[in-house]
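Student: Input file: final.csv. Contents: CSV, C-alpha atoms.
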chain,number,residue,atom,x,y,z
A,1,MET,CA,62.9,71.4,104.1
A,2,LYS,CA,61.8,74.9,104.8
A,3,ALA,CA,62.5,77.4,102.0
A,4,ARG,CA,65.4,79.8,102.6
A,5,ASP,CA,63.1,82.9,102.6
A,6,LYS,CA,61.1,81.4,105.5
A,7,ARG,CA,64.1,80.4,107.6
A,8,ARG,CA,65.9,82.2,110.4
A,9,GLY,CA,69.5,81.1,110.1
A,10,LEU,CA,70.9,80.5,113.6
A,11,VAL,CA,74.4,81.1,114.9
A,12,LEU,CA,75.3,78.5,117.5
A,13,VAL,CA,78.4,78.3,119.6
A,14,ASN,CA,79.5,75.2,121.6
A,15,THR,CA,82.4,76.0,124.0
A,16,GLY,CA,83.9,75.0,127.4
A,17,GLU,CA,86.2,72.2,128.4
A,18,GLY,CA,83.7,69.4,128.6
A,19,LYS,CA,82.9,66.7,126.1
A,20,GLY,CA,80.2,67.3,123.5
A,21,LYS,CA,81.1,70.4,121.6
A,22,SER,CA,81.9,68.7,118.3
A,23,SER,CA,79.6,65.8,119.0
A,24,SER,CA,76.7,68.1,119.4
A,25,ALA,CA,77.5,70.0,116.2
A,26,LEU,CA,77.8,66.6,114.4
A,27,GLY,CA,74.3,65.7,115.7
A,28,MET,CA,73.0,68.9,114.1
A,29,VAL,CA,74.9,68.1,110.9
A,30,PHE,CA,73.1,64.8,110.5
A,31,ARG,CA,69.8,66.3,111.6
A,32,ALA,CA,70.1,69.0,108.9
A,33,ALA,CA,71.3,66.4,106.3
A,34,GLY,CA,68.3,64.2,107.2
A,35,TRP,CA,66.0,67.1,106.2
A,36,GLY,CA,67.8,67.4,102.8
A,37,MET,CA,69.8,70.5,103.7
A,38,LYS,CA,73.1,71.1,102.0
A,39,VAL,CA,75.8,70.9,104.7
A,40,CYS,CA,79.4,72.0,104.8
A,41,VAL,CA,81.7,70.7,107.5
A,42,ILE,CA,85.1,72.4,107.9
A,43,GLN,CA,87.4,70.9,110.6
A,44,TYR,CA,90.2,73.3,111.8
A,45,ILE,CA,92.1,70.8,113.9
A,46,LYS,CA,91.4,67.3,112.7
A,47,GLY,CA,93.4,66.2,109.8
A,48,GLN,CA,93.2,63.3,107.4
A,49,TRP,CA,92.9,60.5,109.9
A,50,GLN,CA,89.7,58.5,109.6
A,51,THR,CA,86.8,59.2,112.0
A,52,GLY,CA,83.4,57.5,112.4
A,53,GLU,CA,81.6,60.7,111.7
A,54,HIS,CA,83.5,61.2,108.4
A,55,LYS,CA,82.7,57.7,107.3
A,56,ALA,CA,79.0,58.2,108.2
A,57,ALA,CA,78.9,61.5,106.2
A,58,GLU,CA,80.1,59.6,103.1
A,59,ARG,CA,76.6,58.2,102.9
A,60,PHE,CA,75.2,61.6,102.2
A,61,ASP,CA,75.7,63.4,99.0
A,62,ASN,CA,74.5,66.6,100.7
A,63,ILE,CA,77.3,66.7,103.2
A,64,GLU,CA,80.6,68.1,102.0
A,65,TRP,CA,83.5,67.4,104.4
A,66,HIS,CA,86.8,69.3,104.6
A,67,ALA,CA,89.2,68.1,107.2
A,68,LEU,CA,91.8,70.8,106.7
A,69,GLY,CA,93.7,70.8,109.9
A,70,ASP,CA,97.2,69.5,109.8
A,71,GLY,CA,96.9,68.1,113.3
A,72,PHE,CA,98.2,71.2,115.0
A,73,THR,CA,97.6,70.9,118.7
A,74,TRP,CA,98.1,72.7,122.0
A,75,ASP,CA,101.6,71.3,122.3
A,76,THR,CA,102.6,72.7,119.0
A,77,LYS,CA,106.3,73.4,118.4
A,78,ASN,CA,105.7,75.6,115.4
A,79,PRO,CA,103.3,78.5,116.0
A,80,GLU,CA,104.1,80.1,112.6
A,81,GLN,CA,102.8,77.1,110.9
A,82,ASP,CA,99.7,77.0,113.1
A,83,ILE,CA,98.9,80.6,112.3
A,84,LYS,CA,99.3,80.0,108.6
A,85,THR,CA,97.2,76.9,108.6
A,86,SER,CA,94.3,78.4,110.6
A,87,ARG,CA,94.4,81.6,108.5
A,88,SER,CA,94.1,79.7,105.3
A,89,ILE,CA,91.2,77.5,106.7
A,90,TRP,CA,89.5,80.8,107.8
A,91,GLU,CA,89.8,82.2,104.2
A,92,PHE,CA,88.4,79.0,102.8
A,93,SER,CA,85.5,79.1,105.4
A,94,LYS,CA,84.6,82.6,104.4
A,95,GLU,CA,84.4,81.7,100.7
A,96,LYS,CA,82.2,78.7,101.4
A,97,ILE,CA,79.8,80.8,103.6
A,98,LYS,CA,79.6,83.6,101.0
A,99,SER,CA,79.0,81.1,98.2
A,100,GLU,CA,75.4,80.6,99.4
A,101,ALA,CA,75.7,77.0,98.4
A,102,TYR,CA,75.0,75.6,101.9
A,103,ASP,CA,72.1,75.7,104.3
A,104,PHE,CA,74.2,74.6,107.3
A,105,VAL,CA,77.9,75.2,107.9
A,106,LEU,CA,80.0,73.8,110.7
A,107,LEU,CA,83.3,75.4,111.6
A,108,ASP,CA,84.7,72.7,113.9
A,109,GLU,CA,87.3,73.9,116.5
A,110,ILE,CA,87.5,77.4,115.1
A,111,ASN,CA,87.1,78.8,118.7
A,112,TYR,CA,90.3,77.1,119.7
A,113,CYS,CA,92.1,79.3,117.1
A,114,CYS,CA,90.6,82.4,118.7
A,115,GLY,CA,91.9,81.4,122.1
A,116,TYR,CA,95.4,81.7,120.5
A,117,GLU,CA,94.3,84.8,118.6
A,118,TRP,CA,95.3,83.2,115.3
A,119,ILE,CA,91.9,84.5,114.2
A,120,THR,CA,90.4,87.3,116.2
A,121,GLY,CA,86.9,87.1,117.7
A,122,GLN,CA,86.2,90.5,116.2
A,123,GLU,CA,86.9,89.5,112.6
A,124,ILE,CA,84.7,86.4,113.0
A,125,ALA,CA,81.9,88.4,114.6
A,126,GLU,CA,82.0,91.1,111.9
A,127,PHE,CA,82.1,88.6,109.1
A,128,ILE,CA,79.0,86.8,110.6
A,129,LYS,CA,77.1,90.1,111.0
A,130,ASN,CA,78.0,91.4,107.5
A,131,GLU,CA,78.4,88.4,105.3
A,132,LYS,CA,76.6,85.4,106.5
A,133,PRO,CA,73.4,84.7,104.5
A,134,SER,CA,70.4,85.3,106.8
A,135,TRP,CA,68.9,81.9,106.2
A,136,MET,CA,72.1,79.9,106.8
A,137,HIS,CA,72.7,78.0,110.1
A,138,LEU,CA,76.3,78.4,111.3
A,139,VAL,CA,77.8,76.4,114.1
A,140,LEU,CA,81.2,77.3,115.7
A,141,THR,CA,82.8,74.9,118.2
A,142,GLY,CA,85.9,74.7,120.4
A,143,ARG,CA,87.2,75.9,123.7
A,144,ASN,CA,87.7,79.5,124.5
A,145,ALA,CA,85.0,81.1,122.3
A,146,ALA,CA,85.7,84.8,121.9
A,147,PRO,CA,83.3,87.2,123.7
A,148,GLU,CA,82.6,88.9,120.3
A,149,VAL,CA,81.5,85.6,118.9
A,150,ILE,CA,79.3,84.8,121.9
A,151,GLU,CA,77.8,88.3,121.5
A,152,VAL,CA,76.8,87.7,117.9
A,153,ALA,CA,75.5,84.1,118.5
A,154,ASP,CA,71.8,83.2,119.0
A,155,THR,CA,72.5,80.1,121.1
A,156,VAL,CA,75.6,79.5,123.2
A,157,THR,CA,76.2,76.4,125.3
A,158,HIS,CA,79.1,75.9,127.7
A,159,MET,CA,80.0,72.3,128.0
A,160,THR,CA,81.2,71.8,131.6
A,161,LEU,CA,83.4,68.8,132.5
A,162,VAL,CA,81.8,67.0,135.4
A,163,LYS,CA,83.8,63.9,134.9
A,164,HIS,CA,85.7,62.5,132.0
A,165,ALA,CA,86.9,58.9,131.3
A,166,TYR,CA,90.4,60.2,130.4
A,167,THR,CA,90.9,61.5,134.0
A,168,GLN,CA,90.6,57.8,135.0
A,169,GLY,CA,93.2,56.8,132.5
A,170,ILE,CA,90.7,55.5,129.9
A,171,LYS,CA,91.8,56.1,126.4
A,172,ALA,CA,89.7,57.7,123.7
A,173,GLU,CA,87.1,55.1,122.5
A,174,GLN,CA,86.1,54.5,118.9
A,175,GLY,CA,82.5,55.5,118.3
A,176,VAL,CA,82.5,57.8,121.3
A,177,GLU,CA,85.4,60.2,121.0
A,178,PHE,CA,86.2,59.7,117.3
B,1,MET,CA,85.7,48.2,114.4
B,2,LYS,CA,87.5,47.2,117.5
B,3,ALA,CA,86.5,43.7,118.7
B,4,ARG,CA,84.3,43.6,121.8
B,5,ASP,CA,86.9,41.8,123.9
B,6,LYS,CA,89.3,44.7,123.3
B,7,ARG,CA,86.8,47.4,124.0
B,8,ARG,CA,86.2,49.4,127.2
B,9,GLY,CA,82.4,50.2,127.0
B,10,LEU,CA,81.9,53.7,128.3
B,11,VAL,CA,78.9,55.1,130.2
B,12,LEU,CA,78.3,58.8,129.2
B,13,VAL,CA,75.9,61.2,130.7
B,14,ASN,CA,74.8,64.5,129.1
B,15,THR,CA,72.8,66.7,131.5
B,16,GLY,CA,72.1,70.3,132.3
B,17,GLU,CA,69.6,72.9,131.0
B,18,GLY,CA,71.7,73.9,127.9
B,19,LYS,CA,71.3,72.9,124.3
B,20,GLY,CA,73.4,69.9,123.1
B,21,LYS,CA,72.5,67.0,125.3
B,22,SER,CA,70.7,64.9,122.7
B,23,SER,CA,72.6,66.5,119.8
B,24,SER,CA,75.9,65.4,121.2
B,25,ALA,CA,74.5,61.8,121.8
B,26,LEU,CA,73.3,61.8,118.2
B,27,GLY,CA,76.8,62.8,117.0
B,28,MET,CA,78.1,59.8,118.8
B,29,VAL,CA,75.4,57.6,117.3
B,30,PHE,CA,76.5,58.5,113.8
B,31,ARG,CA,80.2,58.2,114.8
B,32,ALA,CA,79.6,54.7,116.0
B,33,ALA,CA,77.5,53.8,113.1
B,34,GLY,CA,80.1,55.1,110.7
B,35,TRP,CA,82.5,52.5,112.2
B,36,GLY,CA,80.0,49.8,111.6
B,37,MET,CA,78.9,49.4,115.2
B,38,LYS,CA,75.4,48.2,115.8
B,39,VAL,CA,73.5,51.0,117.4
B,40,CYS,CA,70.2,51.2,119.3
B,41,VAL,CA,68.4,54.6,119.9
B,42,ILE,CA,65.6,54.6,122.4
B,43,GLN,CA,63.8,58.0,122.8
B,44,TYR,CA,61.9,58.4,126.1
B,45,ILE,CA,60.2,61.7,125.3
B,46,LYS,CA,60.0,62.2,121.6
B,47,GLY,CA,57.2,60.3,119.9
B,48,GLN,CA,56.3,59.6,116.4
B,49,TRP,CA,56.8,62.9,114.8
B,50,GLN,CA,59.5,63.1,112.1
B,51,THR,CA,62.9,64.5,113.0
B,52,GLY,CA,66.0,65.0,110.8
B,53,GLU,CA,68.1,62.7,112.9
B,54,HIS,CA,65.6,59.9,112.5
B,55,LYS,CA,65.5,60.4,108.7
B,56,ALA,CA,69.3,60.4,108.6
B,57,ALA,CA,69.4,57.2,110.6
B,58,GLU,CA,67.2,55.5,108.0
B,59,ARG,CA,70.2,55.3,105.7
B,60,PHE,CA,72.0,53.0,108.2
B,61,ASP,CA,70.9,49.4,108.5
B,62,ASN,CA,73.0,49.3,111.7
B,63,ILE,CA,71.0,51.9,113.5
B,64,GLU,CA,67.8,50.7,115.1
B,65,TRP,CA,65.5,53.5,116.2
B,66,HIS,CA,62.7,53.4,118.8
B,67,ALA,CA,60.8,56.7,119.4
B,68,LEU,CA,58.7,55.3,122.2
B,69,GLY,CA,57.6,58.4,124.0
B,70,ASP,CA,54.0,59.5,123.7
B,71,GLY,CA,54.9,63.1,123.8
B,72,PHE,CA,54.6,63.4,127.6
B,73,THR,CA,56.1,66.6,128.8
B,74,TRP,CA,56.7,68.7,131.8
B,75,ASP,CA,53.2,70.2,131.6
B,76,THR,CA,51.6,66.8,131.7
B,77,LYS,CA,48.1,66.6,133.1
B,78,ASN,CA,48.3,62.8,133.6
B,79,PRO,CA,51.2,61.7,135.8
B,80,GLU,CA,49.8,58.1,136.0
B,81,GLN,CA,50.2,57.8,132.2
B,82,ASP,CA,53.7,59.3,132.3
B,83,ILE,CA,54.8,56.8,134.9
B,84,LYS,CA,53.4,53.9,132.9
B,85,THR,CA,55.0,55.1,129.7
B,86,SER,CA,58.4,55.7,131.2
B,87,ARG,CA,58.4,52.4,133.1
B,88,SER,CA,57.5,50.5,130.0
B,89,ILE,CA,60.3,52.2,128.0
B,90,TRP,CA,62.7,51.4,130.8
B,91,GLU,CA,61.7,47.7,130.7
B,92,PHE,CA,62.2,47.7,126.9
B,93,SER,CA,65.6,49.4,127.4
B,94,LYS,CA,66.8,46.8,129.8
B,95,GLU,CA,65.9,44.0,127.5
B,96,LYS,CA,67.7,45.7,124.6
B,97,ILE,CA,70.9,46.2,126.7
B,98,LYS,CA,70.9,42.7,128.1
B,99,SER,CA,70.3,41.2,124.6
B,100,GLU,CA,74.0,41.9,123.8
B,101,ALA,CA,72.9,42.7,120.2
B,102,TYR,CA,74.3,46.3,120.2
B,103,ASP,CA,77.6,48.0,120.5
B,104,PHE,CA,76.2,51.4,121.4
B,105,VAL,CA,72.9,52.2,123.1
B,106,LEU,CA,71.4,55.7,123.6
B,107,LEU,CA,68.7,56.3,126.2
B,108,ASP,CA,67.6,59.7,125.1
B,109,GLU,CA,65.9,61.9,127.8
B,110,ILE,CA,65.9,59.1,130.4
B,111,ASN,CA,67.4,61.4,133.0
B,112,TYR,CA,64.3,63.6,132.7
B,113,CYS,CA,62.3,60.7,134.0
B,114,CYS,CA,64.7,60.4,137.0
B,115,GLY,CA,64.0,64.0,137.8
B,116,TYR,CA,60.4,63.0,138.4
B,117,GLU,CA,61.4,59.8,140.1
B,118,TRP,CA,59.4,57.8,137.5
B,119,ILE,CA,62.6,55.7,137.3
B,120,THR,CA,65.0,56.0,140.2
B,121,GLY,CA,68.6,56.8,139.8
B,122,GLN,CA,69.4,53.9,142.0
B,123,GLU,CA,67.8,51.3,139.8
B,124,ILE,CA,69.4,52.7,136.7
B,125,ALA,CA,72.8,52.7,138.4
B,126,GLU,CA,72.4,49.2,139.7
B,127,PHE,CA,71.3,47.9,136.3
B,128,ILE,CA,74.3,49.5,134.7
B,129,LYS,CA,76.7,48.1,137.3
B,130,ASN,CA,75.3,44.5,137.2
B,131,GLU,CA,73.9,44.0,133.7
B,132,LYS,CA,75.5,46.2,131.1
B,133,PRO,CA,77.9,44.3,128.9
B,134,SER,CA,81.4,45.5,129.6
B,135,TRP,CA,82.1,46.3,126.0
B,136,MET,CA,78.9,48.3,125.3
B,137,HIS,CA,78.9,52.1,125.1
B,138,LEU,CA,75.8,53.5,126.8
B,139,VAL,CA,74.7,57.2,126.7
B,140,LEU,CA,72.1,58.7,128.9
B,141,THR,CA,70.8,62.2,128.2
B,142,GLY,CA,68.3,64.6,129.8
B,143,ARG,CA,68.1,67.3,132.5
B,144,ASN,CA,68.4,66.3,136.1
B,145,ALA,CA,70.6,63.3,135.9
B,146,ALA,CA,70.4,61.4,139.2
B,147,PRO,CA,73.5,61.5,141.5
B,148,GLU,CA,73.7,57.7,141.4
B,149,VAL,CA,73.8,57.7,137.6
B,150,ILE,CA,76.5,60.4,137.6
B,151,GLU,CA,78.5,58.3,140.1
B,152,VAL,CA,78.4,55.2,137.9
B,153,ALA,CA,79.3,57.1,134.6
B,154,ASP,CA,82.7,57.4,133.1
B,155,THR,CA,82.1,60.7,131.4
B,156,VAL,CA,79.6,63.4,132.5
B,157,THR,CA,79.0,66.7,130.8
B,158,HIS,CA,76.8,69.4,132.1
B,159,MET,CA,75.5,71.6,129.3
B,160,THR,CA,75.1,75.1,130.6
B,161,LEU,CA,72.9,77.5,128.9
B,162,VAL,CA,74.8,80.7,128.2
B,163,LYS,CA,72.3,82.0,125.7
B,164,HIS,CA,69.5,80.4,123.8
B,165,ALA,CA,67.6,81.6,120.7
B,166,TYR,CA,64.2,80.8,122.3
B,167,THR,CA,64.8,83.4,125.0
B,168,GLN,CA,64.8,85.9,122.2
B,169,GLY,CA,61.5,84.6,120.8
B,170,ILE,CA,63.1,82.5,118.0
B,171,LYS,CA,61.2,79.3,117.4
B,172,ALA,CA,62.9,75.8,117.2
B,173,GLU,CA,64.6,75.6,113.8
B,174,GLN,CA,64.6,72.6,111.5
B,175,GLY,CA,68.0,71.1,111.2
B,176,VAL,CA,69.2,72.6,114.4
B,177,GLU,CA,66.7,71.7,117.2
B,178,PHE,CA,64.9,68.8,115.5
Will you turn the file into structure tokens for me?
Tutor:
Amino acid sequence: MKARDKRRGLVLVNTGEGKGKSSSALGMVFRAAGWGMKVCVIQYIKGQWQTGEHKAAERFDNIEWHALGDGFTWDTKNPEQDIKTSRSIWEFSKEKIKSEAYDFVLLDEINYCCGYEWITGQEIAEFIKNEKPSWMHLVLTGRNAAPEVIEVADTVTHMTLVKHAYTQGIKAEQGVEF
Amino acid sequence: MKARDKRRGLVLVNTGEGKGKSSSALGMVFRAAGWGMKVCVIQYIKGQWQTGEHKAAERFDNIEWHALGDGFTWDTKNPEQDIKTSRSIWEFSKEKIKSEAYDFVLLDEINYCCGYEWITGQEIAEFIKNEKPSWMHLVLTGRNAAPEVIEVADTVTHMTLVKHAYTQGIKAEQGVEF
């Protein structure tokens, strides 16, 4: 693994309505872990239910996994709770990033919270500019990435839905969607 | 892991010029492996050089990894060799898929070969329709996915480049790009 002082920490954003935002970030998580980097995954939406990626990550003592969402979703009936949950995950995320303990941090589905303005794009962008260690890779996923976050990122991909199994009535498949 | 007779094997295509096509497929590879599925990765372009994802996969005895490319690239000087290499990887891929030994198969960068018509979209699509086991998940990545392959797929994502670090002169970073 390249030494921190020789590394250009990248900020990557995966957004759009297509499949692949979180999957792509997870591919990078295992890539980084394969090189021996210390990785921190923080999931804003997914809660405690079991996923294949979480089970796979258990084989790596250099991947720390925090599924902190309480399953809040777009059909939420309780916006106050969603704001509280997402704000507390954001505070936790900032502490983890500032700790300098990790080479790679994934904030999974954080952009989704921006779409609802539970966390503003401006505060995320300012935190990244002022507080993220220069050598740390940071990945932010989710629909509706804020323009300020896109502005501060090095690499931004928009996942466009061309076709999705669910539009043909096919349910989420184990090993593919979760 | 869900039994094969209860599983709807999906065909997924990741295409476009943006980052995330292979990363997203790799995320699914580790997701599937986490559930105990038997996974086969066949890389059409990447050769024998070491990658983080390959090192990570070595921790799983249910991931089989074949980096069969000889590093042929878009600036090739030897199209005959490229055709020969890609045809032989395609023959190998078909055998692996027909063997029924795997729950999840990734053909990484195969679409790229279609763009050059080294392998036609029609033959890939017909093979999928006629020979792929119904319970097997199959992922095909790479730019320039053929229309026939898109037609036969259940889920298709186009990765659109919004911004990429390399356009700002930043080199490929370990743990992110490889």
Student: Can you work out which one of A:Leu107, A:Ala172, A:Val156, A:Met136 has the shortest atom-to-atom distance to Arg7 of chain A, counting all atoms listed in the file?
Tutor: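 When distances to Arg7 of chain A are compared using all atoms listed in the file, the smallest one comes from A:Met136.
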Student: Tell me as a VMD selection string which residues belonging to chain B come within 6 Å of chain A, counting all atoms listed in the file.
Tutor: chain B and resid 18 20 23 to 24 26 to 28 30 to 32 34 to 35 52 to 53 55 to 56 154 to 165 175 to 176
Student: For the residues in the current selection, export C-alpha atoms as a PDB file, in the coordinates of the input.
Tutor:
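The resulting out.pdb:
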ATOM      1  CA  GLY B  18      71.700  73.900 127.900  1.00  0.00           C
ATOM      2  CA  GLY B  20      73.400  69.900 123.100  1.00  0.00           C
ATOM      3  CA  SER B  23      72.600  66.500 119.800  1.00  0.00           C
ATOM      4  CA  SER B  24      75.900  65.400 121.200  1.00  0.00           C
ATOM      5  CA  LEU B  26      73.300  61.800 118.200  1.00  0.00           C
ATOM      6  CA  GLY B  27      76.800  62.800 117.000  1.00  0.00           C
ATOM      7  CA  MET B  28      78.100  59.800 118.800  1.00  0.00           C
ATOM      8  CA  PHE B  30      76.500  58.500 113.800  1.00  0.00           C
ATOM      9  CA  ARG B  31      80.200  58.200 114.800  1.00  0.00           C
ATOM     10  CA  ALA B  32      79.600  54.700 116.000  1.00  0.00           C
ATOM     11  CA  GLY B  34      80.100  55.100 110.700  1.00  0.00           C
ATOM     12  CA  TRP B  35      82.500  52.500 112.200  1.00  0.00           C
ATOM     13  CA  GLY B  52      66.000  65.000 110.800  1.00  0.00           C
ATOM     14  CA  GLU B  53      68.100  62.700 112.900  1.00  0.00           C
ATOM     15  CA  LYS B  55      65.500  60.400 108.700  1.00  0.00           C
ATOM     16  CA  ALA B  56      69.300  60.400 108.600  1.00  0.00           C
ATOM     17  CA  ASP B 154      82.700  57.400 133.100  1.00  0.00           C
ATOM     18  CA  THR B 155      82.100  60.700 131.400  1.00  0.00           C
ATOM     19  CA  VAL B 156      79.600  63.400 132.500  1.00  0.00           C
ATOM     20  CA  THR B 157      79.000  66.700 130.800  1.00  0.00           C
ATOM     21  CA  HIS B 158      76.800  69.400 132.100  1.00  0.00           C
ATOM     22  CA  MET B 159      75.500  71.600 129.300  1.00  0.00           C
ATOM     23  CA  THR B 160      75.100  75.100 130.600  1.00  0.00           C
ATOM     24  CA  LEU B 161      72.900  77.500 128.900  1.00  0.00           C
ATOM     25  CA  VAL B 162      74.800  80.700 128.200  1.00  0.00           C
ATOM     26  CA  LYS B 163      72.300  82.000 125.700  1.00  0.00           C
ATOM     27  CA  HIS B 164      69.500  80.400 123.800  1.00  0.00           C
ATOM     28  CA  ALA B 165      67.600  81.600 120.700  1.00  0.00           C
ATOM     29  CA  GLY B 175      68.000  71.100 111.200  1.00  0.00           C
ATOM     30  CA  VAL B 176      69.200  72.600 114.400  1.00  0.00           C
TER      31      VAL B 176
END
Student: State, in Å with one decimal place, the distance from atom CA of Arg4 of chain B to atom CA of Val152 of chain B.
Tutor: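 Atom CA of Arg4 of chain B sits 20.7 Å away from atom CA of Val152 of chain B.
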Student: Between atom CA of Ile89 of chain B and atom CA of Leu140 of chain B, what is the spacing in Å?
Tutor: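 Here the two named atoms are 13.5 Å from each other.
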Student: May I ask which of the residues B:Lys6, B:His66, B:Arg143, B:Lys129 is the closest one to Leu106 of chain B, counting only C-alpha atoms?
Tutor: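 Checking each of B:Lys6, B:His66, B:Arg143, B:Lys129 against Leu106 of chain B, counting only C-alpha atoms, the winner is B:His66.
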Student: Quick one: residues within 10 Å of segment 112-120 of chain A, all atoms listed in the file, excluding same-chain residues fewer than 4 positions away - as a PyMOL selection string?
Tutor: chain A and resi 15+44-45+73-74+79-80+82-87+90+108+124-125+140-146+148-149
